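Just start-v3.pdb here, PDB, C-alpha atoms:
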ATOM      1  CA  MET A   1       0.000   0.000   0.000  1.00  0.00           C
ATOM      2  CA  ASN A   2       1.388   3.392  -0.995  1.00  0.00           C
ATOM      3  CA  PRO A   3       1.762   6.019   1.793  1.00  0.00           C
ATOM      4  CA  LEU A   4       0.022   9.393   1.948  1.00  0.00           C
ATOM      5  CA  CYS A   5       1.740  12.727   1.292  1.00  0.00           C
ATOM      6  CA  GLY A   6       2.685  14.768   4.365  1.00  0.00           C
ATOM      7  CA  ARG A   7       1.330  17.937   2.711  1.00  0.00           C
ATOM      8  CA  CYS A   8      -1.701  17.141   0.584  1.00  0.00           C
ATOM      9  CA  LYS A   9      -2.606  13.805   2.233  1.00  0.00           C
ATOM     10  CA  LEU A  10      -2.931  12.103  -1.143  1.00  0.00           C
ATOM     11  CA  VAL A  11      -1.327   8.833  -2.214  1.00  0.00           C
ATOM     12  CA  VAL A  12       2.380   9.098  -3.068  1.00  0.00           C
ATOM     13  CA  TYR A  13       3.538   6.759  -5.831  1.00  0.00           C
ATOM     14  CA  PRO A  14       7.147   5.468  -5.936  1.00  0.00           C
ATOM     15  CA  THR A  15       8.091   7.525  -9.006  1.00  0.00           C
ATOM     16  CA  GLU A  16       7.330  10.835  -7.266  1.00  0.00           C
ATOM     17  CA  LYS A  17       8.081   9.904  -3.657  1.00  0.00           C
ATOM     18  CA  VAL A  18      10.395  11.916  -1.380  1.00  0.00           C
ATOM     19  CA  ASN A  19      11.169  10.317   1.984  1.00  0.00           C
ATOM     20  CA  CYS A  20      12.252  12.936   4.541  1.00  0.00           C
ATOM     21  CA  LEU A  21      11.471  14.060   8.103  1.00  0.00           C
ATOM     22  CA  ASP A  22       9.804  10.685   8.832  1.00  0.00           C
ATOM     23  CA  LYS A  23       7.175  11.395   6.166  1.00  0.00           C
ATOM     24  CA  TYR A  24       6.547  10.850   2.461  1.00  0.00           C
ATOM     25  CA  TRP A  25       6.062  13.798   0.119  1.00  0.00           C
ATOM     26  CA  HIS A  26       5.263  14.523  -3.476  1.00  0.00           C
ATOM     27  CA  LYS A  27       8.207  16.282  -5.075  1.00  0.00           C
ATOM     28  CA  GLY A  28       6.016  19.340  -5.620  1.00  0.00           C
ATOM     29  CA  CYS A  29       4.623  19.207  -2.085  1.00  0.00           C
ATOM     30  CA  PHE A  30       8.051  19.135  -0.452  1.00  0.00           C
ATOM     31  CA  SER A  31       8.206  22.930  -0.045  1.00  0.00           C
ATOM     32  CA  CYS A  32       8.860  25.587   2.600  1.00  0.00           C
ATOM     33  CA  GLU A  33       6.125  26.004   5.187  1.00  0.00           C
ATOM     34  CA  VAL A  34       6.315  29.819   4.832  1.00  0.00           C
ATOM     35  CA  CYS A  35       7.168  30.814   1.263  1.00  0.00           C
ATOM     36  CA  LYS A  36       6.141  27.515  -0.420  1.00  0.00           C
ATOM     37  CA  MET A  37       9.445  27.367  -2.331  1.00  0.00           C
ATOM     38  CA  THR A  38      10.101  23.868  -3.662  1.00  0.00           C
ATOM     39  CA  LEU A  39      12.914  22.182  -1.764  1.00  0.00           C
ATOM     40  CA  ASN A  40      15.155  19.189  -2.241  1.00  0.00           C
ATOM     41  CA  MET A  41      17.326  17.008  -0.057  1.00  0.00           C
ATOM     42  CA  LYS A  42      20.264  19.452  -0.252  1.00  0.00           C
ATOM     43  CA  ASN A  43      18.704  22.803   0.655  1.00  0.00           C
ATOM     44  CA  TYR A  44      15.956  21.994   3.149  1.00  0.00           C
ATOM     45  CA  LYS A  45      16.095  22.521   6.910  1.00  0.00           C
ATOM     46  CA  GLY A  46      13.811  20.578   9.191  1.00  0.00           C
ATOM     47  CA  PHE A  47      12.130  21.963  12.289  1.00  0.00           C
ATOM     48  CA  GLU A  48       9.557  19.930  14.231  1.00  0.00           C
ATOM     49  CA  LYS A  49       9.343  17.550  11.260  1.00  0.00           C
ATOM     50  CA  LYS A  50       8.412  20.356   8.849  1.00  0.00           C
ATOM     51  CA  PRO A  51      10.563  21.570   5.942  1.00  0.00           C
ATOM     52  CA  TYR A  52      11.803  25.178   5.743  1.00  0.00           C
ATOM     53  CA  CYS A  53      14.087  27.119   3.442  1.00  0.00           C
ATOM     54  CA  ASN A  54      17.223  28.757   4.794  1.00  0.00           C
ATOM     55  CA  ALA A  55      15.602  32.217   4.926  1.00  0.00           C
ATOM     56  CA  HIS A  56      12.505  31.149   6.888  1.00  0.00           C
ATOM     57  CA  TYR A  57      14.060  28.567   9.189  1.00  0.00           C
ATOM     58  CA  PRO A  58      12.848  29.376  12.763  1.00  0.00           C
ATOM     59  CA  LYS A  59      15.568  30.964  14.861  1.00  0.00           C
ATOM     60  CA  THR A  60      16.245  29.496  18.292  1.00  0.00           C
ATOM     61  CA  LYS A  61      15.427  31.952  21.060  1.00  0.00           C
ATOM     62  CA  PHE A  62      17.004  31.737  24.500  1.00  0.00           C
ATOM     63  CA  THR A  63      14.768  31.705  27.514  1.00  0.00           C
ATOM     64  CA  ALA A  64      14.863  34.928  29.517  1.00  0.00           C
ATOM     65  CA  VAL A  65      15.834  34.257  33.133  1.00  0.00           C
ATOM     66  CA  ALA A  66      14.243  36.446  35.779  1.00  0.00           C
ATOM     67  CA  ASP A  67      16.531  38.302  38.189  1.00  0.00           C
ATOM     68  CA  THR A  68      15.513  36.430  41.299  1.00  0.00           C
ATOM     69  CA  PRO A  69      17.465  36.975  44.552  1.00  0.00           C
ATOM     70  CA  GLU A  70      19.149  33.583  44.119  1.00  0.00           C
ATOM     71  CA  ASN A  71      20.196  34.345  40.516  1.00  0.00           C
ATOM     72  CA  ILE A  72      21.518  37.754  41.562  1.00  0.00           C
ATOM     73  CA  ARG A  73      23.526  36.145  44.382  1.00  0.00           C
ATOM     74  CA  LEU A  74      25.028  33.569  41.995  1.00  0.00           C
ATOM     75  CA  LYS A  75      25.864  36.305  39.487  1.00  0.00           C
ATOM     76  CA  ASN A  76      27.652  38.402  42.111  1.00  0.00           C
ATOM     77  CA  LEU A  77      29.515  35.337  43.410  1.00  0.00           C
ATOM     78  CA  SER A  78      30.655  34.479  39.903  1.00  0.00           C
ATOM     79  CA  GLN A  79      31.917  38.030  39.361  1.00  0.00           C
ATOM     80  CA  MET A  80      33.828  37.945  42.665  1.00  0.00           C
ATOM     81  CA  GLN A  81      35.569  34.691  41.672  1.00  0.00           C
ATOM     82  CA  SER A  82      36.362  35.884  38.145  1.00  0.00           C
ATOM     83  CA  GLN A  83      40.022  36.643  37.493  1.00  0.00           C
ATOM     84  CA  VAL A  84      39.030  39.175  34.834  1.00  0.00           C
ATOM     85  CA  LEU A  85      37.812  41.654  37.444  1.00  0.00           C
ATOM     86  CA  TYR A  86      40.924  41.118  39.552  1.00  0.00           C
ATOM     87  CA  LYS A  87      43.072  41.735  36.483  1.00  0.00           C
ATOM     88  CA  GLU A  88      41.192  44.917  35.550  1.00  0.00           C
ATOM     89  CA  ASP A  89      41.409  46.214  39.114  1.00  0.00           C
ATOM     90  CA  PHE A  90      45.125  45.437  39.241  1.00  0.00           C
ATOM     91  CA  GLU A  91      45.802  47.243  35.938  1.00  0.00           C
ATOM     92  CA  LYS A  92      43.723  50.219  37.102  1.00  0.00           C
ATOM     93  CA  ASN A  93      45.581  50.548  40.417  1.00  0.00           C
ATOM     94  CA  LYS A  94      49.046  49.702  39.085  1.00  0.00           C
ATOM     95  CA  GLY A  95      51.627  52.229  40.285  1.00  0.00           C
ATOM     96  CA  LYS A  96      49.462  53.569  43.105  1.00  0.00           C
ATOM     97  CA  GLY A  97      51.225  51.518  45.780  1.00  0.00           C
ATOM     98  CA  PHE A  98      49.946  48.829  48.070  1.00  0.00           C
ATOM     99  CA  THR A  99      46.949  49.267  50.338  1.00  0.00           C
ATOM    100  CA  VAL A 100      47.789  50.458  53.849  1.00  0.00           C
ATOM    101  CA  VAL A 101      46.795  47.756  56.317  1.00  0.00           C
ATOM    102  CA  SER A 102      45.446  48.875  59.691  1.00  0.00           C
ATOM    103  CA  ASN A 103      47.030  47.613  62.902  1.00  0.00           C
ATOM    104  CA  THR A 104      44.562  44.916  63.857  1.00  0.00           C
ATOM    105  CA  PRO A 105      45.102  42.789  67.002  1.00  0.00           C
ATOM    106  CA  GLU A 106      46.165  39.867  64.800  1.00  0.00           C
ATOM    107  CA  LEU A 107      48.807  41.969  63.024  1.00  0.00           C
ATOM    108  CA  GLU A 108      50.086  43.303  66.360  1.00  0.00           C
ATOM    109  CA  ARG A 109      50.482  39.725  67.625  1.00  0.00           C
ATOM    110  CA  LEU A 110      52.393  38.696  64.495  1.00  0.00           C
ATOM    111  CA  LYS A 111      54.594  41.786  64.784  1.00  0.00           C
ATOM    112  CA  LYS A 112      55.526  40.965  68.373  1.00  0.00           C
ATOM    113  CA  THR A 113      56.274  37.357  67.448  1.00  0.00           C
ATOM    114  CA  GLN A 114      58.492  38.463  64.579  1.00  0.00           C
ATOM    115  CA  ASN A 115      60.389  40.893  66.808  1.00  0.00           C
ATOM    116  CA  GLN A 116      61.107  38.081  69.260  1.00  0.00           C
ATOM    117  CA  VAL A 117      62.453  35.802  66.519  1.00  0.00           C
ATOM    118  CA  SER A 118      64.371  38.478  64.619  1.00  0.00           C
ATOM    119  CA  ASN A 119      68.012  39.079  65.470  1.00  0.00           C
ATOM    120  CA  ILE A 120      67.924  42.750  64.449  1.00  0.00           C
ATOM    121  CA  PRO A 121      68.105  44.089  68.065  1.00  0.00           C
ATOM    122  CA  TYR A 122      71.070  41.801  68.715  1.00  0.00           C
ATOM    123  CA  GLN A 123      72.832  43.106  65.590  1.00  0.00           C
ATOM    124  CA  ASP A 124      72.308  46.720  66.722  1.00  0.00           C
ATOM    125  CA  CYS A 125      73.869  45.962  70.112  1.00  0.00           C
ATOM    126  CA  ALA A 126      76.789  44.149  68.471  1.00  0.00           C
ATOM    127  CA  ASP A 127      77.472  47.130  66.194  1.00  0.00           C
ATOM    128  CA  LYS A 128      77.445  49.530  69.141  1.00  0.00           C
ATOM    129  CA  ARG A 129      79.774  47.267  71.166  1.00  0.00           C
ATOM    130  CA  ARG A 130      82.201  47.017  68.218  1.00  0.00           C
ATOM    131  CA  VAL A 131      82.436  50.794  67.665  1.00  0.00           C
ATOM    132  CA  GLY A 132      82.559  51.574  71.412  1.00  0.00           C
ATOM    133  CA  GLY A 133      79.123  53.119  71.667  1.00  0.00           C
ATOM    134  CA  GLU A 134      76.654  52.909  74.544  1.00  0.00           C
ATOM    135  CA  VAL A 135      75.264  49.434  74.970  1.00  0.00           C
ATOM    136  CA  PRO A 136      71.877  48.906  76.688  1.00  0.00           C
ATOM    137  CA  HIS A 137      71.192  46.230  79.274  1.00  0.00           C
ATOM    138  CA  PRO A 138      72.614  42.833  78.224  1.00  0.00           C
ATOM    139  CA  GLN A 139      69.197  41.175  78.342  1.00  0.00           C
ATOM    140  CA  ALA A 140      67.941  43.658  75.731  1.00  0.00           C
ATOM    141  CA  CYS A 141      70.750  42.606  73.366  1.00  0.00           C
ATOM    142  CA  SER A 142      70.090  38.891  73.570  1.00  0.00           C
ATOM    143  CA  PRO A 143      67.948  37.519  70.712  1.00  0.00           C
ATOM    144  CA  ASN A 144      66.382  35.030  73.076  1.00  0.00           C
ATOM    145  CA  GLN A 145      66.764  35.402  76.841  1.00  0.00           C
ATOM    146  CA  ALA A 146      66.015  31.726  77.469  1.00  0.00           C
ATOM    147  CA  ALA A 147      69.008  30.754  75.322  1.00  0.00           C
ATOM    148  CA  TYR A 148      71.465  32.134  77.936  1.00  0.00           C
ATOM    149  CA  GLN A 149      69.889  30.427  80.939  1.00  0.00           C
ATOM    150  CA  GLN A 150      71.446  27.221  82.182  1.00  0.00           C
ATOM    151  CA  PRO A 151      69.120  24.270  82.798  1.00  0.00           C
ATOM    152  CA  GLY A 152      67.684  24.505  86.296  1.00  0.00           C
ATOM    153  CA  ALA A 153      68.817  28.089  86.766  1.00  0.00           C
ATOM    154  CA  SER A 154      66.513  30.628  88.396  1.00  0.00           C
ATOM    155  CA  GLN A 155      64.466  32.843  86.087  1.00  0.00           C
ATOM    156  CA  ASN A 156      65.482  35.932  88.085  1.00  0.00           C
ATOM    157  CA  PHE A 157      69.235  35.294  87.663  1.00  0.00           C
ATOM    158  CA  ALA A 158      70.881  37.987  85.502  1.00  0.00           C
ATOM    159  CA  PHE A 159      74.396  37.713  84.163  1.00  0.00           C
ATOM    160  CA  GLU A 160      76.666  39.356  81.649  1.00  0.00           C
ATOM    161  CA  PRO A 161      76.866  37.335  78.395  1.00  0.00           C
ATOM    162  CA  THR A 162      80.337  36.399  77.245  1.00  0.00           C
ATOM    163  CA  PRO A 163      81.601  38.808  74.547  1.00  0.00           C
ATOM    164  CA  GLU A 164      81.770  37.141  71.176  1.00  0.00           C
ATOM    165  CA  PRO A 165      84.739  37.355  68.820  1.00  0.00           C
ATOM    166  CA  VAL A 166      84.720  40.204  66.341  1.00  0.00           C
ATOM    167  CA  GLN A 167      84.400  37.808  63.405  1.00  0.00           C
ATOM    168  CA  GLN A 168      81.285  36.181  64.833  1.00  0.00           C
ATOM    169  CA  VAL A 169      79.814  39.587  65.588  1.00  0.00           C
ATOM    170  CA  GLN A 170      80.440  40.685  62.010  1.00  0.00           C
ATOM    171  CA  GLN A 171      78.803  37.531  60.662  1.00  0.00           C
ATOM    172  CA  ALA A 172      75.812  38.084  62.902  1.00  0.00           C
ATOM    173  CA  ALA A 173      75.585  41.689  61.713  1.00  0.00           C
ATOM    174  CA  ALA A 174      75.780  40.654  58.063  1.00  0.00           C
ATOM    175  CA  ALA A 175      73.191  37.865  58.305  1.00  0.00           C
ATOM    176  CA  PRO A 176      69.779  39.014  56.994  1.00  0.00           C
ATOM    177  CA  PRO A 177      66.752  38.663  59.296  1.00  0.00           C
ATOM    178  CA  PRO A 178      64.501  35.679  58.658  1.00  0.00           C
ATOM    179  CA  SER A 179      61.663  36.322  56.220  1.00  0.00           C
ATOM    180  CA  ALA A 180      58.254  37.183  57.635  1.00  0.00           C
ATOM    181  CA  GLY A 181      56.432  36.073  54.479  1.00  0.00           C
ATOM    182  CA  LYS A 182      54.144  33.055  54.465  1.00  0.00           C
ATOM    183  CA  ARG A 183      54.723  29.847  52.521  1.00  0.00           C
ATOM    184  CA  TYR A 184      52.245  28.450  50.017  1.00  0.00           C
ATOM    185  CA  ARG A 185      52.106  25.418  47.722  1.00  0.00           C
ATOM    186  CA  ALA A 186      50.827  25.617  44.140  1.00  0.00           C
ATOM    187  CA  VAL A 187      47.816  23.392  43.419  1.00  0.00           C
ATOM    188  CA  TYR A 188      47.554  24.265  39.693  1.00  0.00           C
ATOM    189  CA  ASP A 189      49.907  25.250  36.863  1.00  0.00           C
ATOM    190  CA  TYR A 190      49.958  28.974  36.069  1.00  0.00           C
ATOM    191  CA  SER A 191      51.603  30.843  33.178  1.00  0.00           C
ATOM    192  CA  ALA A 192      52.343  34.522  33.683  1.00  0.00           C
ATOM    193  CA  ALA A 193      50.080  36.753  31.561  1.00  0.00           C
ATOM    194  CA  ASP A 194      52.075  39.944  32.227  1.00  0.00           C
ATOM    195  CA  GLU A 195      55.669  40.936  32.901  1.00  0.00           C
ATOM    196  CA  ASP A 196      54.982  41.616  36.588  1.00  0.00           C
ATOM    197  CA  GLU A 197      53.547  38.120  37.184  1.00  0.00           C
ATOM    198  CA  VAL A 198      55.379  34.852  37.909  1.00  0.00           C
ATOM    199  CA  SER A 199      54.856  31.372  36.441  1.00  0.00           C
ATOM    200  CA  PHE A 200      54.838  28.114  38.415  1.00  0.00           C
ATOM    201  CA  VAL A 201      53.697  24.490  38.208  1.00  0.00           C
ATOM    202  CA  ASP A 202      51.655  22.255  40.467  1.00  0.00           C
ATOM    203  CA  GLY A 203      53.612  21.421  43.630  1.00  0.00           C
ATOM    204  CA  ASP A 204      55.964  24.447  43.588  1.00  0.00           C
ATOM    205  CA  VAL A 205      56.577  26.146  46.944  1.00  0.00           C
ATOM    206  CA  ILE A 206      55.937  29.896  47.008  1.00  0.00           C
ATOM    207  CA  ILE A 207      57.825  31.766  49.749  1.00  0.00           C
ATOM    208  CA  ASP A 208      57.901  35.362  51.022  1.00  0.00           C
ATOM    209  CA  VAL A 209      54.235  35.694  50.118  1.00  0.00           C
ATOM    210  CA  GLN A 210      52.503  39.023  50.736  1.00  0.00           C
ATOM    211  CA  GLN A 211      48.709  39.320  50.443  1.00  0.00           C
ATOM    212  CA  ILE A 212      47.692  42.211  48.173  1.00  0.00           C
ATOM    213  CA  ASP A 213      43.918  41.671  48.021  1.00  0.00           C
ATOM    214  CA  GLU A 214      41.456  38.773  48.029  1.00  0.00           C
ATOM    215  CA  GLY A 215      42.494  37.672  44.542  1.00  0.00           C
ATOM    216  CA  TRP A 216      46.232  38.390  44.158  1.00  0.00           C
ATOM    217  CA  MET A 217      49.435  37.818  46.094  1.00  0.00           C
ATOM    218  CA  TYR A 218      53.100  38.719  45.690  1.00  0.00           C
ATOM    219  CA  GLY A 219      55.735  36.037  46.273  1.00  0.00           C
ATOM    220  CA  ARG A 220      58.811  34.178  45.047  1.00  0.00           C
ATOM    221  CA  VAL A 221      58.934  30.666  43.557  1.00  0.00           C
ATOM    222  CA  GLN A 222      61.478  28.681  45.565  1.00  0.00           C
ATOM    223  CA  ARG A 223      62.360  26.395  42.637  1.00  0.00           C
ATOM    224  CA  THR A 224      63.151  29.135  40.075  1.00  0.00           C
ATOM    225  CA  GLY A 225      63.877  32.118  42.320  1.00  0.00           C
ATOM    226  CA  GLN A 226      61.535  34.303  40.245  1.00  0.00           C
ATOM    227  CA  GLN A 227      59.143  36.614  42.059  1.00  0.00           C
ATOM    228  CA  GLY A 228      56.057  38.560  41.080  1.00  0.00           C
ATOM    229  CA  MET A 229      52.251  38.615  41.200  1.00  0.00           C
ATOM    230  CA  LEU A 230      50.279  35.344  41.396  1.00  0.00           C
ATOM    231  CA  PRO A 231      46.558  34.478  41.729  1.00  0.00           C
ATOM    232  CA  ALA A 232      45.506  33.525  45.246  1.00  0.00           C
ATOM    233  CA  ASN A 233      43.140  30.731  44.135  1.00  0.00           C
ATOM    234  CA  TYR A 234      45.998  28.797  42.499  1.00  0.00           C
ATOM    235  CA  VAL A 235      47.870  28.158  45.784  1.00  0.00           C
ATOM    236  CA  GLU A 236      47.169  26.857  49.277  1.00  0.00           C
ATOM    237  CA  SER A 237      48.783  27.717  52.594  1.00  0.00           C
ATOM    238  CA  ILE A 238      51.396  25.310  53.993  1.00  0.00           C
TER     239      ILE A 238
END
Same coordinates, now as structure tokens:
Amino acid sequence: MNPLCGRCKLVVYPTEKVNCLDKYWHKGCFSCEVCKMTLNMKNYKGFEKKPYCNAHYPKTKFTAVADTPENIRLKNLSQMQSQVLYKEDFEKNKGKGFTVVSNTPELERLKKTQNQVSNIPYQDCADKRRVGGEVPHPQACSPNQAAYQQPGASQNFAFEPTPEPVQQVQQAAAAPPPSAGKRYRAVYDYSAADEDEVSFVDGDVIIDVQQIDEGWMYGRVQRTGQQGMLPANYVESI
């Protein structure tokens, strides 16, 4: 039994049959739904099992999404995590200096800890002793008071530390203070996009890190010795 045409619903004989879009058509009935231009297997475009020409093919329209509070929150979160905004903000503020950080209780605690570890006060006392200047109390010159106390000695016992040789004093004066920067480990590969940035690979240790803002840091790659800007979401604290 011969099938019916998808357009005129009449019988389609084999000599004039066109099989397309899961239907059978007369060659003359296989035309555009809008302009009725006769089509063939090379120039038709199907939409919902109906033939169209290229000019009248229905265009796909995207669904408009309402600005609900949840969508607005997700949009703002995506913009905060985007590196494009961080890059634009960095380029805009380049050359204006770093942001002045207020003396919060946490920063004051870190500052006191660093002063206790640093040997800068000891170097100052050694320089004054070498040139014959006025030297403060010996306990103020010691980098760590507990280091000069003998095991079992009283905490209130004060004594004069033994003067060190001039060579050792010079070496102590020439030694740089330990770095106060934090250490981070790279969790992704990163290629520098600008001359003031630094490249690294997964697993590299970043030292002397200084936080600039929520998205960017400044540090030095321990493996290569190069230093510069790096994205904060590519590393993790050690």
Legend entry - Å distance separating atom CA of A:Lys45 from atom CA of A:Met1, one decimal place: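 These two atoms are separated by 28.5 Å.
You can rank A:Leu10, A:Gly225, A:Ala232, A:Trp216 by their closest distance to A:Tyr86 using all atoms listed in the file, and at the top of that list sits A:Trp216.
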Legend entry - Selection: 9 Å around A:Ser191, only C-alpha atoms, excl. self and same-chain fewer than 5 positions, as a list in words: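 Surrounding residues, per the criterion: Glu197, Val198, Ser199, Phe200 and Val201 of chain A.
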Taking the file above as input, evaluate the PyMOL selection byres ((chain A and resi 58) around 12) and report the hits as a PDB file with C-alpha atoms, keeping the file's coordinate frame.
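expr30.pdb written:
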ATOM      1  CA  CYS A  32       8.860  25.587   2.600  1.00  0.00           C
ATOM      2  CA  GLU A  33       6.125  26.004   5.187  1.00  0.00           C
ATOM      3  CA  VAL A  34       6.315  29.819   4.832  1.00  0.00           C
ATOM      4  CA  LYS A  45      16.095  22.521   6.910  1.00  0.00           C
ATOM      5  CA  GLY A  46      13.811  20.578   9.191  1.00  0.00           C
ATOM      6  CA  PHE A  47      12.130  21.963  12.289  1.00  0.00           C
ATOM      7  CA  GLU A  48       9.557  19.930  14.231  1.00  0.00           C
ATOM      8  CA  LYS A  50       8.412  20.356   8.849  1.00  0.00           C
ATOM      9  CA  PRO A  51      10.563  21.570   5.942  1.00  0.00           C
ATOM     10  CA  TYR A  52      11.803  25.178   5.743  1.00  0.00           C
ATOM     11  CA  CYS A  53      14.087  27.119   3.442  1.00  0.00           C
ATOM     12  CA  ASN A  54      17.223  28.757   4.794  1.00  0.00           C
ATOM     13  CA  ALA A  55      15.602  32.217   4.926  1.00  0.00           C
ATOM     14  CA  HIS A  56      12.505  31.149   6.888  1.00  0.00           C
ATOM     15  CA  TYR A  57      14.060  28.567   9.189  1.00  0.00           C
ATOM     16  CA  LYS A  59      15.568  30.964  14.861  1.00  0.00           C
ATOM     17  CA  THR A  60      16.245  29.496  18.292  1.00  0.00           C
ATOM     18  CA  LYS A  61      15.427  31.952  21.060  1.00  0.00           C
TER      19      LYS A  61
END
Can you sort out the box for stretch 219-229 of chain A, edges along x, y and z, all listed atoms in, 8 Å on every side, with centre and edge lengths in Å to one decimal, as AutoDock Vina command-line options?
--center_x 58.1 --center_y 32.5 --center_z 43.2 --size_x 27.6 --size_y 28.2 --size_z 22.2
Run through the PyMOL selection byres ((chain A and resi 233) around 12) on the given coordinates and return the selected residues as a compact mmCIF listing (two decimals) with C-alpha atoms, keeping the file's coordinate frame.
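The result, written out as part.txt:
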# COMPACT_ATOMS: atom_id res chain seq x y z
CA MET A 80 33.83 37.94 42.66
CA GLN A 81 35.57 34.69 41.67
CA SER A 82 36.36 35.88 38.15
CA GLN A 83 40.02 36.64 37.49
CA TYR A 86 40.92 41.12 39.55
CA TYR A 184 52.24 28.45 50.02
CA ARG A 185 52.11 25.42 47.72
CA ALA A 186 50.83 25.62 44.14
CA VAL A 187 47.82 23.39 43.42
CA TYR A 188 47.55 24.26 39.69
CA ASP A 189 49.91 25.25 36.86
CA TYR A 190 49.96 28.97 36.07
CA ASP A 213 43.92 41.67 48.02
CA GLU A 214 41.46 38.77 48.03
CA GLY A 215 42.49 37.67 44.54
CA TRP A 216 46.23 38.39 44.16
CA MET A 217 49.44 37.82 46.09
CA LEU A 230 50.28 35.34 41.40
CA PRO A 231 46.56 34.48 41.73
CA ALA A 232 45.51 33.52 45.25
CA TYR A 234 46.00 28.80 42.50
CA VAL A 235 47.87 28.16 45.78
CA GLU A 236 47.17 26.86 49.28
CA SER A 237 48.78 27.72 52.59
Legend entry - Explicit residue set for the PyMOL selection byres ((chain A and resi 41) around 10), as a PyMOL selection string: chain A and resi 18-20+30+39-40+42-45
Let me see the file: selected residues, C-alpha atoms, as a short mmCIF file (atom, residue, chain, number, x, y, z; two decimals), in the frame of the given file.
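The result, written out as part_21.cif:
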data_model
loop_
_atom_site.label_atom_id
_atom_site.label_comp_id
_atom_site.auth_asym_id
_atom_site.auth_seq_id
_atom_site.Cartn_x
_atom_site.Cartn_y
_atom_site.Cartn_z
CA VAL A 18 10.40 11.92 -1.38
CA ASN A 19 11.17 10.32 1.98
CA CYS A 20 12.25 12.94 4.54
CA PHE A 30 8.05 19.14 -0.45
CA LEU A 39 12.91 22.18 -1.76
CA ASN A 40 15.16 19.19 -2.24
CA LYS A 42 20.26 19.45 -0.25
CA ASN A 43 18.70 22.80 0.66
CA TYR A 44 15.96 21.99 3.15
CA LYS A 45 16.10 22.52 6.91
#
Inset, instruction - Find the distance between atom CA of A:Val205 and atom CA of A:Gly228 and write it in Å to one decimal. - result: 13.7 Å
Inset, instruction - Compare A:Asn115, A:Asp194, A:Asn103, A:Leu110 by their minimum atom-to-atom distance to A:Lys182, counting all atoms listed in the file, and give me the closest one. - result: A:Leu110
Legend entry - Which of A:Gly219, A:His26, A:Ala192, A:Cys35 sits closest to A:Tyr13 [using only C-alpha atoms]: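 Once distances to A:Tyr13 are computed over only C-alpha atoms, the minimum belongs to A:His26.
Reported to one decimal place, the separation of atom CA of A:Lys112 from atom CA of A:Val221 is 27.1 Å.
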